[in-house]
file upload33.tsv (TSV, C-alpha atoms)
chain	number	residue	atom	x	y	z
N	1	MET	CA	7.25	20.64	-14.55
N	2	THR	CA	6.56	16.91	-14.56
N	3	ILE	CA	6.97	14.98	-11.34
N	4	ASP	CA	9.42	12.20	-12.06
N	5	LEU	CA	8.34	8.67	-11.18
N	6	PRO	CA	10.20	5.34	-11.27
N	7	PRO	CA	9.70	3.15	-14.35
N	8	ARG	CA	6.40	1.30	-14.32
N	9	TRP	CA	6.47	-2.37	-15.22
N	10	SER	CA	3.78	-4.98	-15.74
N	11	LEU	CA	3.86	-8.27	-13.88
N	12	ASP	CA	4.94	-9.90	-17.16
N	13	GLN	CA	7.89	-7.52	-17.47
N	14	LEU	CA	8.93	-8.28	-13.91
N	15	ARG	CA	8.82	-12.02	-14.56
N	16	GLN	CA	10.86	-11.61	-17.75
N	17	ARG	CA	13.51	-9.29	-16.34
N	18	ALA	CA	14.11	-10.75	-12.90
N	19	THR	CA	15.64	-14.04	-13.92
N	20	SER	CA	17.95	-14.99	-11.07
N	21	GLY	CA	18.63	-14.24	-7.42
N	22	VAL	CA	15.10	-13.05	-6.75
N	23	VAL	CA	13.89	-12.60	-3.18
N	24	VAL	CA	10.27	-11.67	-2.54
N	25	TRP	CA	9.22	-9.92	0.66
N	26	ALA	CA	5.49	-9.82	1.14
N	27	THR	CA	3.09	-8.98	3.90
N	28	LEU	CA	1.22	-12.01	5.16
N	29	SER	CA	-2.15	-10.89	3.85
N	30	VAL	CA	-1.08	-11.05	0.19
N	31	ARG	CA	1.25	-14.07	0.12
N	32	THR	CA	-1.38	-16.58	-0.96
N	33	ARG	CA	-2.41	-14.46	-3.93
N	34	LEU	CA	1.20	-14.00	-5.00
N	35	ARG	CA	1.62	-17.75	-5.55
N	36	ASP	CA	-0.58	-17.53	-8.63
N	37	VAL	CA	1.32	-14.74	-10.34
N	38	LEU	CA	4.96	-14.80	-9.20
N	39	PRO	CA	7.28	-17.76	-9.82
N	40	TRP	CA	9.24	-17.06	-6.63
N	41	PRO	CA	8.12	-17.93	-3.10
N	42	ALA	CA	7.49	-15.03	-0.77
N	43	VAL	CA	9.49	-15.03	2.45
N	44	GLU	CA	9.19	-13.26	5.77
N	45	PRO	CA	10.70	-9.78	5.44
N	46	ALA	CA	14.10	-9.74	7.12
N	47	GLN	CA	16.86	-7.29	7.90
N	48	SER	CA	19.40	-9.10	5.71
N	49	LEU	CA	19.55	-10.96	2.41
N	50	GLY	CA	21.70	-13.81	1.19
N	51	ALA	CA	24.85	-12.90	-0.73
N	52	ASP	CA	23.36	-14.29	-3.95
N	53	ALA	CA	20.33	-11.96	-3.92
N	54	GLU	CA	20.21	-9.80	-7.05
N	55	TRP	CA	16.59	-8.68	-6.96
N	56	LEU	CA	14.36	-7.73	-4.08
N	57	VAL	CA	10.66	-7.67	-4.92
N	58	VAL	CA	8.59	-6.11	-2.16
N	59	VAL	CA	4.84	-6.50	-1.94
N	60	GLY	CA	3.27	-4.51	0.87
N	61	GLY	CA	2.52	-1.11	2.33
N	62	GLY	CA	4.67	1.95	2.94
N	63	GLY	CA	6.38	0.64	6.09
N	64	LEU	CA	7.65	-2.51	4.40
N	65	ILE	CA	8.64	-0.64	1.24
N	66	ASP	CA	10.72	1.78	3.31
N	67	GLU	CA	12.43	-1.09	5.14
N	68	ALA	CA	13.39	-2.51	1.73
N	69	LYS	CA	14.64	0.89	0.56
N	70	ALA	CA	16.78	1.15	3.70
N	71	LEU	CA	18.20	-2.32	3.17
N	72	ARG	CA	19.03	-1.55	-0.45
N	73	GLU	CA	21.08	1.45	0.72
N	74	SER	CA	23.53	-1.03	2.22
N	75	ARG	CA	23.44	-3.29	-0.86
N	76	PRO	CA	24.36	-1.20	-3.91
N	77	GLY	CA	23.60	-3.16	-7.05
N	78	LEU	CA	20.59	-4.91	-5.56
N	79	LYS	CA	17.63	-4.17	-7.81
N	80	LEU	CA	14.48	-3.17	-5.98
N	81	VAL	CA	11.02	-3.61	-7.48
N	82	VAL	CA	7.96	-2.61	-5.50
N	83	ILE	CA	4.35	-3.79	-5.75
N	84	PRO	CA	2.32	-1.62	-3.36
N	85	SER	CA	-0.51	-3.52	-1.71
N	86	ILE	CA	-2.42	-0.30	-1.06
N	87	TRP	CA	-2.17	3.27	-2.33
N	88	GLY	CA	-1.62	6.27	-0.10
N	89	SER	CA	1.98	6.30	1.08
N	90	GLY	CA	3.46	6.56	-2.41
N	91	ALA	CA	6.65	5.17	-0.84
N	92	GLU	CA	7.39	3.34	-4.09
N	93	ALA	CA	8.00	6.67	-5.82
N	94	SER	CA	10.10	8.71	-3.42
N	95	PRO	CA	13.71	8.88	-2.23
N	96	ILE	CA	12.51	9.36	1.35
N	97	ILE	CA	12.84	6.53	3.84
N	98	VAL	CA	10.73	6.66	7.00
N	99	LEU	CA	11.67	4.00	9.53
N	100	SER	CA	10.01	3.20	12.84
N	101	ARG	CA	12.73	2.71	15.40
N	102	ALA	CA	12.14	2.44	19.14
N	103	GLY	CA	8.81	4.26	18.92
N	104	ARG	CA	10.21	7.10	16.86
N	105	LYS	CA	10.29	7.90	13.17
N	106	GLU	CA	13.69	8.21	11.53
N	107	ILE	CA	13.61	10.03	8.21
N	108	LYS	CA	16.38	9.73	5.63
N	109	ILE	CA	16.56	11.09	2.12
N	110	SER	CA	18.75	9.43	-0.47
N	111	PRO	CA	18.39	9.70	-4.24
N	112	SER	CA	19.52	6.09	-4.55
N	113	ALA	CA	16.69	4.91	-2.28
N	114	ARG	CA	14.06	5.20	-4.95
N	115	PRO	CA	13.03	1.78	-6.29
N	116	ASP	CA	14.18	0.70	-9.75
N	117	ALA	CA	10.67	-0.12	-10.90
N	118	VAL	CA	7.09	-0.24	-9.72
N	119	VAL	CA	4.43	-2.77	-10.60
N	120	TYR	CA	0.85	-1.74	-9.97
N	121	TRP	CA	-1.51	-4.58	-9.29
N	122	PRO	CA	-4.63	-2.78	-8.04
N	123	GLU	CA	-6.61	-5.98	-7.48
N	124	LEU	CA	-4.48	-6.56	-4.38
N	125	SER	CA	-6.15	-3.65	-2.60
N	126	LYS	CA	-9.75	-4.45	-3.54
N	127	SER	CA	-10.16	-6.64	-0.48
N	128	VAL	CA	-8.72	-4.02	1.88
N	129	PRO	CA	-11.44	-2.84	4.32
N	130	ALA	CA	-13.24	0.33	3.26
N	131	GLU	CA	-12.04	2.25	6.35
N	132	ARG	CA	-8.43	1.47	5.45
N	133	GLN	CA	-8.99	2.45	1.82
N	134	ARG	CA	-10.47	5.78	2.87
N	135	ALA	CA	-7.53	6.44	5.19
N	136	ALA	CA	-5.15	5.69	2.30
N	137	CYS	CA	-6.91	8.42	0.34
N	138	GLY	CA	-6.28	10.73	3.30
N	139	ASP	CA	-2.58	9.87	3.23
N	140	CYS	CA	-2.41	10.81	-0.45
N	141	TRP	CA	-4.37	14.01	0.21
N	142	ALA	CA	-2.02	14.95	3.05
N	143	HIS	CA	1.03	14.58	0.81
N	144	ALA	CA	-0.55	16.57	-2.01
N	145	LEU	CA	-1.85	19.43	0.13
N	146	GLU	CA	1.11	19.74	2.47
N	147	GLY	CA	3.56	19.60	-0.44
N	148	PHE	CA	1.50	22.16	-2.35
N	149	LEU	CA	1.43	24.54	0.63
N	150	SER	CA	5.04	23.94	1.72
N	151	PRO	CA	7.17	27.06	2.08
N	152	LEU	CA	9.87	25.16	0.19
N	153	ALA	CA	7.71	24.40	-2.87
N	154	SER	CA	8.74	26.11	-6.08
N	155	PRO	CA	6.03	27.68	-8.27
N	156	GLU	CA	6.54	24.85	-10.77
N	157	LEU	CA	6.11	22.17	-8.13
N	158	ARG	CA	2.98	23.92	-6.83
N	159	ASN	CA	1.55	23.85	-10.33
N	160	ALA	CA	2.27	20.14	-10.63
N	161	LEU	CA	0.78	19.35	-7.22
N	162	ALA	CA	-2.26	21.53	-7.94
N	163	LYS	CA	-2.91	19.31	-10.95
N	164	VAL	CA	-2.67	16.25	-8.72
N	165	ILE	CA	-5.16	17.85	-6.31
N	166	GLN	CA	-7.54	18.55	-9.18
N	167	ARG	CA	-7.35	14.93	-10.23
N	168	ILE	CA	-7.84	13.41	-6.79
N	169	LEU	CA	-10.82	15.67	-6.19
N	170	ALA	CA	-12.56	13.68	-8.90
N	171	LEU	CA	-11.79	10.29	-7.32
N	172	PRO	CA	-13.97	8.43	-4.82
N	173	LEU	CA	-12.67	8.08	-1.26
N	174	GLY	CA	-12.34	4.37	-1.77
N	175	PHE	CA	-11.01	1.93	-4.32
N	176	ASP	CA	-10.03	3.32	-7.69
N	177	ALA	CA	-6.92	2.14	-9.53
N	178	GLN	CA	-5.96	5.74	-10.29
N	179	TRP	CA	-5.15	6.30	-6.61
N	180	PHE	CA	-1.87	4.42	-7.10
N	181	GLU	CA	-0.54	6.85	-9.67
N	182	MET	CA	-1.91	9.84	-7.77
N	183	SER	CA	-0.29	8.70	-4.53
N	184	ALA	CA	3.02	8.20	-6.29
N	185	LEU	CA	2.84	11.71	-7.79
N	186	ALA	CA	1.83	13.28	-4.48
N	187	CYS	CA	4.59	11.54	-2.56
N	188	ALA	CA	7.31	12.16	-5.15
N	189	GLY	CA	6.15	15.79	-5.34
N	190	GLN	CA	6.20	16.41	-1.61
N	191	SER	CA	9.64	14.82	-1.41
N	192	LEU	CA	10.92	17.90	-3.26
N	193	ALA	CA	9.44	20.35	-0.76
N	194	GLY	CA	8.58	18.62	2.49
N	195	VAL	CA	5.33	18.16	4.31
N	196	GLY	CA	3.90	19.87	7.37
N	197	LEU	CA	2.09	19.58	10.65
N	198	VAL	CA	-0.20	16.71	9.62
N	199	HIS	CA	2.88	14.57	9.20
N	200	GLY	CA	4.55	16.02	12.30
N	201	ILE	CA	1.54	14.84	14.29
N	202	ALA	CA	1.30	11.49	12.52
N	203	HIS	CA	4.99	10.69	13.05
N	204	THR	CA	4.97	11.72	16.70
N	205	LEU	CA	1.65	10.21	17.78
N	206	GLU	CA	1.66	6.89	15.95
N	207	ALA	CA	3.68	4.91	18.49
N	208	PRO	CA	2.04	6.26	21.68
N	209	LEU	CA	-1.44	5.90	20.18
N	210	ARG	CA	-0.78	2.32	19.14
N	211	GLU	CA	0.40	1.58	22.65
N	212	GLN	CA	-2.30	3.47	24.53
N	213	GLN	CA	-5.27	2.78	22.24
N	214	PRO	CA	-4.63	-0.60	20.56
N	215	GLU	CA	-8.37	-1.11	20.05
N	216	ARG	CA	-8.54	1.83	17.65
N	217	GLY	CA	-6.05	0.38	15.16
N	218	TRP	CA	-4.05	3.57	14.68
N	219	HIS	CA	-1.72	3.72	11.72
N	220	HIS	CA	-0.05	6.47	9.70
N	221	ALA	CA	-2.78	6.92	7.10
N	222	LYS	CA	-5.53	7.00	9.74
N	223	LEU	CA	-3.66	9.74	11.59
N	224	CYS	CA	-3.24	11.74	8.38
N	225	SER	CA	-6.95	11.43	7.59
N	226	THR	CA	-7.96	12.36	11.11
N	227	PHE	CA	-5.77	15.44	11.43
N	228	LEU	CA	-5.90	16.73	7.87
N	229	GLU	CA	-8.98	18.90	8.23
N	230	PRO	CA	-8.12	20.26	11.70
N	231	VAL	CA	-4.59	21.21	10.61
N	232	MET	CA	-5.82	22.82	7.41
N	233	ARG	CA	-8.39	24.82	9.40
N	234	LEU	CA	-5.59	26.13	11.61
N	235	ASN	CA	-3.38	26.82	8.59
N	236	GLN	CA	-6.17	28.78	6.97
N	237	ALA	CA	-6.85	30.75	10.14
N	238	GLY	CA	-3.14	31.41	10.74
N	239	SER	CA	-2.28	32.93	7.38
N	240	ASP	CA	-3.89	34.12	4.17
N	241	LYS	CA	-1.53	31.81	2.26
N	242	TRP	CA	-4.13	29.01	2.09
N	243	ASN	CA	-6.73	31.16	0.35
N	244	GLN	CA	-4.17	32.89	-1.86
N	245	LEU	CA	-2.61	29.68	-3.15
N	246	LEU	CA	-5.89	27.89	-3.76
N	247	THR	CA	-7.25	30.86	-5.64
N	248	GLU	CA	-4.04	31.32	-7.62
N	249	HIS	CA	-4.11	27.68	-8.70
N	250	ARG	CA	-7.87	27.62	-9.30
N	251	LEU	CA	-8.51	24.92	-6.77
N	252	PRO	CA	-12.15	24.83	-5.69
N	253	GLU	CA	-11.98	25.59	-1.98
N	254	LYS	CA	-15.47	24.38	-1.16
N	255	GLU	CA	-14.90	21.00	-2.77
N	256	VAL	CA	-11.54	20.62	-1.02
N	257	TRP	CA	-13.15	21.29	2.38
N	258	THR	CA	-15.97	18.85	1.57
N	259	THR	CA	-13.41	16.14	0.87
N	260	LEU	CA	-11.39	16.88	3.99
N	261	ARG	CA	-14.60	16.71	6.03
N	262	ALA	CA	-15.43	13.35	4.46
N	263	LEU	CA	-12.01	12.06	5.49
N	264	PHE	CA	-12.30	13.42	9.03
N	265	GLU	CA	-13.07	11.02	11.85
N	266	PRO	CA	-14.45	13.02	14.79
N	267	ASP	CA	-14.36	10.15	17.29
N	268	SER	CA	-10.77	9.35	16.43
N	269	PHE	CA	-9.83	13.02	16.64
N	270	ARG	CA	-11.34	13.37	20.10
N	271	ALA	CA	-9.64	10.15	21.23
N	272	ALA	CA	-6.27	11.40	19.98
N	273	LEU	CA	-6.42	14.83	21.63
N	274	PRO	CA	-5.16	13.75	25.09
N	275	VAL	CA	-2.18	12.07	23.42
N	276	LEU	CA	-1.61	15.15	21.28
N	277	ARG	CA	-1.43	17.18	24.50
N	278	GLN	CA	0.96	14.67	26.06
N	279	GLU	CA	3.24	14.64	22.98
N	280	TRP	CA	2.85	18.27	21.91
N	281	ARG	CA	6.44	19.27	22.59
N	282	GLY	CA	7.60	16.41	20.36
N	283	VAL	CA	5.18	17.48	17.64
N	284	LEU	CA	6.61	21.00	17.72
N	285	ARG	CA	10.16	19.65	17.41
N	286	ASP	CA	9.34	17.27	14.57
N	287	SER	CA	11.08	18.24	11.34
N	288	CYS	CA	7.83	18.04	9.35
N	289	SER	CA	6.03	20.41	11.71
N	290	ARG	CA	8.85	22.87	11.24
N	291	THR	CA	8.32	23.05	7.49
N	292	ASN	CA	4.58	23.63	7.88
N	293	SER	CA	3.13	26.30	5.64
N	294	VAL	CA	2.23	28.38	8.68
N	295	LEU	CA	4.39	28.77	11.78
N	296	VAL	CA	3.16	26.21	14.32
N	297	ARG	CA	3.22	28.07	17.60
N	298	PRO	CA	3.12	26.40	21.02
N	299	ASP	CA	-0.37	27.83	21.68
N	300	TRP	CA	-1.81	25.93	18.71
N	301	LEU	CA	-2.53	23.04	21.06
N	302	GLU	CA	-5.33	25.03	22.65
N	303	ARG	CA	-6.63	25.89	19.19
N	304	PHE	CA	-6.92	22.21	18.34
N	305	GLU	CA	-8.91	21.68	21.50
N	306	CYS	CA	-11.22	24.61	20.67
N	307	LEU	CA	-11.87	23.70	17.03
N	308	THR	CA	-15.55	23.47	16.23
N	309	LEU	CA	-15.83	20.17	14.43
N	310	PRO	CA	-18.69	17.64	14.21
O	311	MET	CA	3.01	45.20	20.21
O	312	GLU	CA	6.29	46.84	19.22
O	313	ASN	CA	8.49	45.21	16.63
O	314	ARG	CA	11.11	44.17	19.19
O	315	GLU	CA	8.44	42.37	21.18
O	316	LYS	CA	7.02	40.80	18.02
O	317	LEU	CA	10.48	39.57	17.03
O	318	LYS	CA	11.08	38.14	20.51
O	319	LYS	CA	7.79	36.22	20.30
O	320	VAL	CA	8.58	34.83	16.83
O	321	VAL	CA	12.05	33.69	17.84
O	322	GLU	CA	10.72	32.12	21.04
O	323	ASP	CA	7.99	30.26	19.14
O	324	VAL	CA	10.18	29.18	16.22
O	325	PHE	CA	13.02	27.83	18.33
O	326	LEU	CA	10.85	26.67	21.25
O	327	LEU	CA	12.80	28.73	23.75
O	328	GLN	CA	12.04	28.50	27.45
O	329	PRO	CA	11.07	31.66	29.34
O	330	GLY	CA	14.18	33.75	29.94
O	331	GLU	CA	16.21	32.10	27.18
O	332	PHE	CA	15.65	34.83	24.62
O	333	ARG	CA	18.23	37.60	24.28
O	334	PHE	CA	18.66	40.19	21.56
O	335	ASP	CA	22.30	39.09	21.27
O	336	LEU	CA	21.35	35.40	20.94
O	337	ARG	CA	23.45	33.54	18.35
O	338	ARG	CA	22.51	30.59	16.17
O	339	ASP	CA	25.19	28.38	17.67
O	340	GLU	CA	23.60	28.77	21.10
O	341	VAL	CA	20.24	27.38	20.00
O	342	GLU	CA	19.90	23.64	19.39
O	343	THR	CA	16.75	24.03	17.27
O	344	TRP	CA	18.28	26.69	14.99
O	345	ASP	CA	19.06	24.09	12.33
O	346	SER	CA	18.03	23.94	8.66
O	347	PHE	CA	14.39	23.29	9.62
O	348	GLY	CA	14.56	26.18	12.06
O	349	VAL	CA	15.74	28.41	9.24
O	350	VAL	CA	12.62	27.51	7.21
O	351	SER	CA	10.38	28.01	10.21
O	352	LEU	CA	12.00	31.35	11.01
O	353	ALA	CA	11.45	32.57	7.45
O	354	VAL	CA	7.77	31.58	7.67
O	355	GLY	CA	7.36	33.29	11.05
O	356	ILE	CA	9.08	36.49	9.90
O	357	GLN	CA	6.89	36.66	6.80
O	358	GLU	CA	3.72	36.19	8.84
O	359	THR	CA	4.78	38.78	11.42
O	360	PHE	CA	6.57	41.43	9.40
O	361	GLY	CA	5.41	40.69	5.85
O	362	TYR	CA	8.96	40.32	4.58
O	363	HIS	CA	10.00	37.13	2.82
O	364	PHE	CA	13.65	36.22	3.29
O	365	SER	CA	15.39	34.88	0.22
O	366	PRO	CA	16.95	31.42	0.78
O	367	ALA	CA	20.40	33.03	0.88
O	368	GLU	CA	19.30	35.62	3.43
O	369	ALA	CA	17.59	33.02	5.61
O	370	SER	CA	20.53	30.66	5.69
O	371	GLY	CA	23.00	33.49	6.22
O	372	ILE	CA	21.38	34.67	9.44
O	373	SER	CA	23.51	33.71	12.40
O	374	SER	CA	21.98	35.76	15.21
O	375	VAL	CA	18.94	37.73	16.31
O	376	ALA	CA	20.99	40.85	15.60
O	377	ASP	CA	21.32	39.73	11.97
O	378	ILE	CA	17.54	39.47	11.70
O	379	ILE	CA	17.17	43.01	12.99
O	380	THR	CA	19.83	44.28	10.60
O	381	LEU	CA	18.15	42.61	7.62
O	382	LEU	CA	14.65	43.76	8.48
O	383	SER	CA	15.84	47.28	9.34
O	384	ALA	CA	17.36	47.49	5.87
O	385	LYS	CA	13.86	46.79	4.51
O	386	GLY	CA	12.41	49.71	6.46
O	387	ILE	CA	11.13	47.77	9.46
O	388	LYS	CA	12.09	49.73	12.56
O	389	PHE	CA	13.37	48.25	15.80
O	390	ASP	CA	13.71	51.26	18.08
O	391	ASN	CA	14.93	50.61	21.57
call {"tool": "encode", "arguments": {"input": "upload33.tsv", "output": "structure tokens"}}
result
Amino acid sequence: MTIDLPPRWSLDQLRQRATSGVVVWATLSVRTRLRDVLPWPAVEPAQSLGADAEWLVVVGGGGLIDEAKALRESRPGLKLVVIPSIWGSGAEASPIIVLSRAGRKEIKISPSARPDAVVYWPELSKSVPAERQRAACGDCWAHALEGFLSPLASPELRNALAKVIQRILALPLGFDAQWFEMSALACAGQSLAGVGLVHGIAHTLEAPLREQQPERGWHHAKLCSTFLEPVMRLNQAGSDKWNQLLTEHRLPEKEVWTTLRALFEPDSFRAALPVLRQEWRGVLRDSCSRTNSVLVRPDWLERFECLTLP
Amino acid sequence: MENREKLKKVVEDVFLLQPGEFRFDLRRDEVETWDSFGVVSLAVGIQETFGYHFSPAEASGISSVADIITLLSAKGIKFDN
């Protein structure tokens, strides 16, 4: 099985094909750099577009990409091209839309939500702080591992995601242009099977952590990185599925744990635990938690608090 | 722990039931969390507890705790009163 990805264009192809009615949404941090390569001015992302818009080019992270995908759902015929400013979310490759609304995550799946094309411009992410780059790697890892372990994954999908895991094991936990393709594969792959508790925690805790601990700069990828090792430890302890599947797919367990440990942030984990306790009921009810590879039982909260981690 | 007690614990944990909510005649339409995600979670919990893996058709066809007992009993898992 090959994980299907949207067509990949170069910047030249984008400039040649998008000839009229082009609107560019871009996050503030990249707008200046866009002036040199795109002939269209970037505007503040908005909830609506003019009637004459034919193309929407989005340059940004997963949150902005998903807002654009949601908007396109109400504008059939609008062509959507995505230039991710950082790897990790893989939002440019999946039919899943995750929206932040009133402190909660709304998840929609629509085959028509997938962008029409993707342009990778890795230089955009070179200036991203190292901590953010590492967290983006954790986001990709969370998609790959949770999709691989998902109870809804077919044997063929597991094979495909195991290959992704093999490839990302060889990448540094920092800038490497290959992370873009790997993140797209991991995200498109997990969209066929679902994710698990790491994402249940990330979706539930992001808003309260941002509100209660603004100084820590919580965001989705940081939560995935922080909780990936603890959740996988509990998954491994809760069922022999972890060991069976890694062995079956010849994934080197020791190297996987070494990577998860490198992604783990002990201070952030300890800081998040009180909020995890406060929001635990919501985590249990989250749709991602309920497709975890191992049944997440209410008493797992105490197990998190008893984990022996550095 | 006897199988009836094990099943009660799985159903309580999967569907996040409050103490006293579980009954052996509980039906799917009485449980808010017994949705499509709950079906997946139930299948995972049953496999971990009883070692039997529901097929997708079996899992989605279950509409009560009694159905779970009937299915598992047919696989040789006993639920004596």
call {"tool": "closest_atom_pairs", "arguments": {"input": "upload33.tsv", "of": "chain O", "to": "chain N", "cutoff": "8 Å", "atoms": "only C-alpha atoms", "output": "CSV"}}
result
residue,atom,partner,partner_atom,distance
O:Asp323,CA,N:Arg297,CA,5.5
O:Val324,CA,N:Arg297,CA,7.2
O:Leu326,CA,N:Pro298,CA,7.7
O:Thr343,CA,N:Arg285,CA,7.9
O:Phe347,CA,N:Arg290,CA,5.8
O:Gly348,CA,N:Arg290,CA,6.7
O:Val350,CA,N:Thr291,CA,6.2
O:Ser351,CA,N:Arg290,CA,5.5
O:Val354,CA,N:Leu295,CA,6.0
O:Gly355,CA,N:Leu295,CA,5.5
O:Glu358,CA,N:Ser239,CA,7.0
call {"tool": "atom_distance", "arguments": {"input": "upload33.tsv", "atom1": "atom CA of N:Ala170", "atom2": "atom CA of N:Pro155"}}
result
23.3 Å
call {"tool": "residues_around", "arguments": {"input": "upload33.tsv", "residues": "N:Phe148", "least_positions_apart": "3", "cutoff": "10 Å", "atoms": "all atoms listed in the file", "output": "PyMOL selection string"}}
result
chain N and resi 142-145+151-155+157-162+164-165+186+189-190+193-195+242+245-246+293
call {"tool": "residues_near_point", "arguments": {"input": "upload33.tsv", "point": "(20.1, -17.5, -11.8)", "cutoff": "10 Å", "atoms": "all atoms listed in the file", "output": "PyMOL selection string"}}
result
chain N and resi 18-22+52-54
call {"tool": "write_last_selection", "arguments": {"input": "upload33.tsv", "atoms": "C-alpha atoms", "output": "JSON list (two decimals), in the coordinates of the input"}}
result
[["chain", "number", "residue", "atom", "x", "y", "z"],
["N", 18, "ALA", "CA", 14.11, -10.75, -12.90],
["N", 19, "THR", "CA", 15.64, -14.04, -13.92],
["N", 20, "SER", "CA", 17.95, -14.99, -11.07],
["N", 21, "GLY", "CA", 18.63, -14.24, -7.42],
["N", 22, "VAL", "CA", 15.10, -13.05, -6.75],
["N", 52, "ASP", "CA", 23.36, -14.29, -3.95],
["N", 53, "ALA", "CA", 20.33, -11.96, -3.92],
["N", 54, "GLU", "CA", 20.21, -9.80, -7.05]]
call {"tool": "atom_distance", "arguments": {"input": "upload33.tsv", "atom1": "atom CA of N:Trp257", "atom2": "atom CA of N:Arg134"}}
result
15.7 Å
call {"tool": "residues_around", "arguments": {"input": "upload33.tsv", "residues": "N:Met182", "least_positions_apart": "4", "cutoff": "10 Å", "atoms": "all atoms listed in the file", "output": "list of chain:residue names"}}
result
N:Trp87, N:Gly88, N:Gly90, N:Cys137, N:Cys140, N:Trp141, N:Ala144, N:Leu161, N:Val164, N:Ile165, N:Arg167, N:Ile168, N:Leu171, N:Ala177, N:Gln178, N:Ala186, N:Cys187, N:Ala188
call {"tool": "atom_distance", "arguments": {"input": "upload33.tsv", "atom1": "atom CA of O:Lys388", "atom2": "atom CA of N:Asn243"}}
result
29.1 Å
call {"tool": "axis_aligned_box", "arguments": {"input": "upload33.tsv", "around": "stretch 375-387 of chain O", "padding_each_side": "6 Å", "output": "lines of an AutoDock Vina configuration file"}}
result
center_x = 16.2
center_y = 43.7
center_z = 10.4
size_x = 22.2
size_y = 24.0
size_z = 23.8
call {"tool": "closest_residue", "arguments": {"input": "upload33.tsv", "among": "N:Leu11, N:Val59, N:Pro45, N:Ala51", "to": "N:Arg31", "atoms": "all atoms listed in the file"}}
result
N:Val59
call {"tool": "residues_around", "arguments": {"input": "upload33.tsv", "residues": "N:Ala102", "least_positions_apart": "2", "cutoff": "12 Å", "atoms": "all atoms listed in the file", "output": "ChimeraX atom specification"}}
result
/N:99-100,104-106,204,206-208
call {"tool": "closest_residue", "arguments": {"input": "upload33.tsv", "among": "O:Thr380, O:Gln328, O:Ser370, O:Asn313", "to": "O:Val349", "atoms": "all atoms listed in the file"}}
result
O:Ser370
call {"tool": "closest_residue", "arguments": {"input": "upload33.tsv", "among": "N:Ala271, N:Val283, N:Ala91, N:Leu185", "to": "N:Glu215", "atoms": "only C-alpha atoms"}}
result
N:Ala271
call {"tool": "closest_residue", "arguments": {"input": "upload33.tsv", "among": "N:Thr259, N:Asp66, N:Val81, N:Thr247", "to": "N:Arg15", "atoms": "all atoms listed in the file"}}
result
N:Val81
call {"tool": "build_atoms", "arguments": {"input": "upload33.tsv", "residues": "stretch 198-209 of chain N", "atoms": "N, CA and C atoms", "output": "compact mmCIF listing (two decimals), keeping the file's coordinate frame"}}
result
# COMPACT_ATOMS: atom_id res chain seq x y z
N VAL N 198 0.53 17.98 9.63
CA VAL N 198 -0.20 16.71 9.62
C VAL N 198 0.79 15.56 9.81
N HIS N 199 1.88 15.63 9.08
CA HIS N 199 2.88 14.57 9.20
C HIS N 199 3.68 14.67 10.50
N GLY N 200 3.89 15.88 11.00
CA GLY N 200 4.55 16.02 12.30
C GLY N 200 3.74 15.32 13.38
N ILE N 201 2.44 15.49 13.32
CA ILE N 201 1.54 14.84 14.29
C ILE N 201 1.54 13.33 14.07
N ALA N 202 1.38 12.93 12.81
CA ALA N 202 1.30 11.49 12.52
C ALA N 202 2.58 10.77 12.96
N HIS N 203 3.73 11.35 12.67
CA HIS N 203 4.99 10.69 13.05
C HIS N 203 5.17 10.63 14.56
N THR N 204 4.73 11.66 15.26
CA THR N 204 4.97 11.72 16.70
C THR N 204 3.95 10.88 17.48
N LEU N 205 2.72 10.86 17.00
CA LEU N 205 1.65 10.21 17.78
C LEU N 205 1.46 8.73 17.47
N GLU N 206 1.99 8.27 16.35
CA GLU N 206 1.66 6.89 15.95
C GLU N 206 2.03 5.86 17.01
N ALA N 207 3.26 5.93 17.51
CA ALA N 207 3.68 4.91 18.49
C ALA N 207 2.91 5.02 19.80
N PRO N 208 2.80 6.21 20.42
CA PRO N 208 2.04 6.26 21.68
C PRO N 208 0.56 5.89 21.51
N LEU N 209 -0.03 6.26 20.37
CA LEU N 209 -1.44 5.90 20.18
C LEU N 209 -1.61 4.39 20.01
